[in-house]
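Asks: Structure below; questions to follow.
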Amino acid sequence: MSKDVVKPLAAVTALRGISTSILMTFLPVYAVSIGIPLPDVGTMSAIAMGVSVFAMPFIGMAVDFLGRRAVLIISTLTLIMAPLIPVIYSNYLGVLTAYILFNLALNTWVPARAVTVATSVNKEVMGVSFALVSLSFQVARSVVPYIAGLMIRSYGYLVTFTFSAIAAGLALPIVLLTIPELKSGESLSIKEFIKGIIPKRNELGFQVFLCIDRSGWRLWMPILNSYMKVRLGFSEDVIGLLSTIRGISSLISLIPSGRLVDRFGWFPALLLSEVTGGLAALIMALAQSPLIAAMAMTLIGLSVALWIPGFNVAVPNVVPNKSELGRTYARCNFYRSVAAVPTPWIGGILYSIIPVLPMTAGAILILANLGILKVFVKPK
């Protein structure tokens, strides 16, 4: 398979990054701006995650049997629709539908993109290849949130969310014209479906680690921007700027992280990702000013940059069966997402008790997960 697939995939990722950055940053802010209570934002995130979790095993099967390009197209169409719904229906149902579509767009994209890269490059450069594809997303993540915050202040959410949909739409012809199709030669059956869901024995420790990690992050990340708006009193442009700082941190760190993985393996990258993620949550719990929040966002960006090549290279090493690689990536996302389905809702409850509790509890889980990684996950 040609390595040239990385270049168009990076271009598609950049366009999707524009759309995704706007929704990630401002969909929860939009929700509270139209009168939806902050704890309900966590509940909507939990419901949307539940729907996408149910779909994950089918997504993995679709990548292997329907084809990776077909799934990339479906994911992009879903992302186009996600920002349009809440401005047409500016109520609870409209925002909830946007959350569901957005989650589906993300969770259909991840295994299809991962399989595309993993089957296109040599093992020796896989970490850098995943970093390069993600780099274009982080460029958008660095620039777009602040610009989008200014757009919202000047033109409102209708114009900004429509722009998000247009950016996603521009990615569609690139996928159609440049991504070659790849399907499994196996027959689609109930047996193969069940086989794709059941974890292999040698991945159980890795699955536990992934579940705790996702749960720790989702206690506070889905409500973070709403928290900065409601609790800390930051305006949209400040929230956008902080999100841009997070993106710049990932942008600077991605290529060194990919090289770290290629040289020393995926294990140290995941270890460092947990340390920086836990510290980020603790600092955010203490934040009262944009400066302290910026420190936390910088660490979040670094943690994400370490996670992207670490996780994506770990999966085909933990379960090295290329014929079911789509199902393997989907399975890893499935179980960690199942474990994390109620955590945004729990985070909303914790916020109602003491506003900093979601970040504090998240930090405890993430840092405790270092023990799971060290004891139960054995690098190869």
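So you can find residues: chains in the structure tokens are A, B, ... in the order shown, residues in each start at 1, and ligands are numbered from 1 in order.
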Show which residues sit within 7 Å of region 279-286 of chain A, as a short mmCIF file (atom, residue, chain, number, x, y, z; two decimals) with N, CA, C and O atoms, in the first residue's frame. Count only C-alpha atoms, and ignore same-chain residues fewer than 3 positions away.
Replies:
```cif
data_model
loop_
_atom_site.label_atom_id
_atom_site.label_comp_id
_atom_site.auth_asym_id
_atom_site.auth_seq_id
_atom_site.Cartn_x
_atom_site.Cartn_y
_atom_site.Cartn_z
N VAL A 275 0.61 11.04 33.22
CA VAL A 275 1.18 11.98 34.20
C VAL A 275 0.75 13.41 33.87
O VAL A 275 0.26 14.15 34.73
N THR A 276 0.93 13.81 32.61
CA THR A 276 0.58 15.19 32.22
C THR A 276 -0.93 15.42 32.28
O THR A 276 -1.37 16.51 32.64
N ALA A 293 -5.43 28.69 33.94
CA ALA A 293 -6.14 27.81 33.02
C ALA A 293 -5.28 27.50 31.80
O ALA A 293 -5.31 26.38 31.28
N ALA A 296 -2.95 24.67 32.54
CA ALA A 296 -3.64 23.38 32.46
C ALA A 296 -3.88 22.97 31.01
O ALA A 296 -3.68 21.81 30.64
N MET A 297 -4.29 23.91 30.17
CA MET A 297 -4.56 23.61 28.77
C MET A 297 -3.28 23.19 28.03
O MET A 297 -3.31 22.35 27.13
N LEU A 299 -0.80 21.51 29.37
CA LEU A 299 -0.57 20.12 29.75
C LEU A 299 -1.56 19.17 29.09
O LEU A 299 -1.21 18.05 28.73
N ILE A 300 -2.81 19.62 28.92
CA ILE A 300 -3.79 18.80 28.19
C ILE A 300 -3.30 18.55 26.77
O ILE A 300 -3.34 17.42 26.26
N VAL A 356 -15.30 22.10 41.78
CA VAL A 356 -13.99 21.58 41.37
C VAL A 356 -13.90 20.05 41.50
O VAL A 356 -12.90 19.46 41.09
N MET A 359 -12.86 17.79 38.27
CA MET A 359 -11.43 17.81 37.94
C MET A 359 -10.61 17.03 38.96
O MET A 359 -9.70 16.29 38.61
N THR A 360 -10.95 17.19 40.25
CA THR A 360 -10.21 16.50 41.30
C THR A 360 -10.35 14.99 41.18
O THR A 360 -9.37 14.24 41.25
N GLY A 362 -11.23 13.32 38.51
CA GLY A 362 -10.59 12.90 37.27
C GLY A 362 -9.10 12.75 37.43
O GLY A 362 -8.50 11.78 36.94
N ALA A 363 -8.47 13.69 38.13
CA ALA A 363 -7.03 13.61 38.36
C ALA A 363 -6.66 12.37 39.15
O ALA A 363 -5.66 11.69 38.85
#
```
Asks: What are the closest atom pairs, with distances in Å to one decimal, for all residues of region 149-235 of chain A lying within 12 Å of region 14-35 of chain A? Consider only C-alpha atoms, order rows by chain and residue number, and present the result as CSV.
Replies:
```
residue,atom,partner,partner_atom,distance
A:Gly149,CA,A:Phe26,CA,8.1
A:Leu150,CA,A:Ile22,CA,11.6
A:Met151,CA,A:Ile22,CA,10.6
A:Ile152,CA,A:Phe26,CA,9.3
A:Arg153,CA,A:Phe26,CA,11.9
A:Gly156,CA,A:Tyr30,CA,10.1
A:Tyr157,CA,A:Tyr30,CA,7.6
A:Leu158,CA,A:Tyr30,CA,10.6
A:Val159,CA,A:Ile22,CA,11.6
A:Thr160,CA,A:Ile22,CA,7.9
A:Phe161,CA,A:Ile22,CA,7.4
A:Thr162,CA,A:Ser19,CA,9.4
A:Phe163,CA,A:Ser19,CA,7.7
A:Ser164,CA,A:Ser19,CA,4.2
A:Ala165,CA,A:Ser19,CA,6.4
A:Ile166,CA,A:Ser19,CA,8.1
A:Ala167,CA,A:Leu15,CA,5.5
A:Ala168,CA,A:Arg16,CA,5.1
A:Gly169,CA,A:Leu15,CA,8.4
A:Leu170,CA,A:Leu15,CA,7.0
A:Ala171,CA,A:Leu15,CA,5.8
A:Leu172,CA,A:Leu15,CA,9.5
A:Pro173,CA,A:Leu15,CA,11.5
A:Ile174,CA,A:Leu15,CA,10.1
A:Val175,CA,A:Leu15,CA,11.3
A:Met221,CA,A:Met24,CA,10.1
A:Pro222,CA,A:Pro28,CA,7.7
A:Ile223,CA,A:Pro28,CA,7.0
A:Leu224,CA,A:Pro28,CA,8.7
A:Asn225,CA,A:Val29,CA,6.4
A:Ser226,CA,A:Val29,CA,5.2
A:Tyr227,CA,A:Val29,CA,8.9
A:Met228,CA,A:Val29,CA,9.1
A:Lys229,CA,A:Val29,CA,7.1
A:Val230,CA,A:Val32,CA,8.2
A:Arg231,CA,A:Val32,CA,11.7
A:Gly233,CA,A:Val29,CA,11.8
A:Phe234,CA,A:Val29,CA,10.8
A:Ser235,CA,A:Val29,CA,9.8
```
Asks: Taking 2 positions as the minimum chain separation for residues in the same chain, which residues sit within 7 Å of Ala112 (chain A) when counting only C-alpha atoms? Answer as an NGL selection string.
Replies: :A and (63 or 68 or 71-72 or 108-110 or 114-116 or 326)
Asks: Keeping N, CA and C atoms, export the residues of the selection given above as a CSV table (one decimal), in the first residue's frame.
Replies:
```
chain,number,residue,atom,x,y,z
A,63,VAL,N,-15.7,-1.1,8.9
A,63,VAL,CA,-14.3,-0.8,8.4
A,63,VAL,C,-13.7,-2.0,7.7
A,68,ARG,N,-12.8,0.9,4.5
A,68,ARG,CA,-12.4,2.0,5.2
A,68,ARG,C,-12.8,3.3,4.6
A,71,VAL,N,-16.5,4.1,5.2
A,71,VAL,CA,-16.7,4.6,6.6
A,71,VAL,C,-16.2,6.0,6.8
A,72,LEU,N,-15.1,6.4,6.1
A,72,LEU,CA,-14.7,7.8,6.2
A,72,LEU,C,-15.7,8.7,5.6
A,108,THR,N,-16.8,7.0,14.2
A,108,THR,CA,-16.7,6.3,13.0
A,108,THR,C,-15.4,6.6,12.3
A,109,TRP,N,-14.9,7.8,12.5
A,109,TRP,CA,-13.6,8.3,11.9
A,109,TRP,C,-12.4,7.5,12.5
A,110,VAL,N,-12.4,7.4,13.8
A,110,VAL,CA,-11.2,6.9,14.5
A,110,VAL,C,-10.7,5.5,14.0
A,114,ALA,N,-7.4,5.0,11.5
A,114,ALA,CA,-6.3,4.2,12.1
A,114,ALA,C,-5.9,3.1,11.2
A,115,VAL,N,-6.9,2.4,10.7
A,115,VAL,CA,-6.6,1.3,9.8
A,115,VAL,C,-5.9,1.8,8.5
A,116,THR,N,-6.4,2.9,8.0
A,116,THR,CA,-5.8,3.5,6.8
A,116,THR,C,-4.3,3.7,7.0
A,326,GLY,N,-9.6,-3.2,11.9
A,326,GLY,CA,-10.8,-2.3,12.2
A,326,GLY,C,-11.5,-2.7,13.4
```
Asks: For Tyr92 (chain A), find every residue with an atom within 10 Å (counting only C-alpha atoms), except residues of its own chain fewer than 5 positions away, and show them as a PyMOL selection string.
Replies: chain A and resi 31+34-36+40-41+44+86+97-98
Asks: My list of candidates is A:Phe264, A:Trp307, A:Tyr351, A:Phe206. Which is closest to Arg336 (chain A) when distances are computed with only C-alpha atoms?
Replies: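 Closest to Arg336 (chain A), using only C-alpha atoms: A:Phe206.
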Asks: Which of these, A:Ser120, A:Ser352, A:Gln138, A:Thr343, has the shortest distance to Glu181 (chain A) once you count only C-alpha atoms?
Replies: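 Result for the nearest residue to Glu181 (chain A): A:Ser120.
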Asks: Residues within 12 Å of Gln207 (chain A), please, as a PyMOL selection string. Count only C-alpha atoms; anything in the same chain fewer than 4 positions from it doesn't count.
Replies: chain A and resi 198-203+211-214+311+314-315+318-319+328-339+369+372-373+376-377
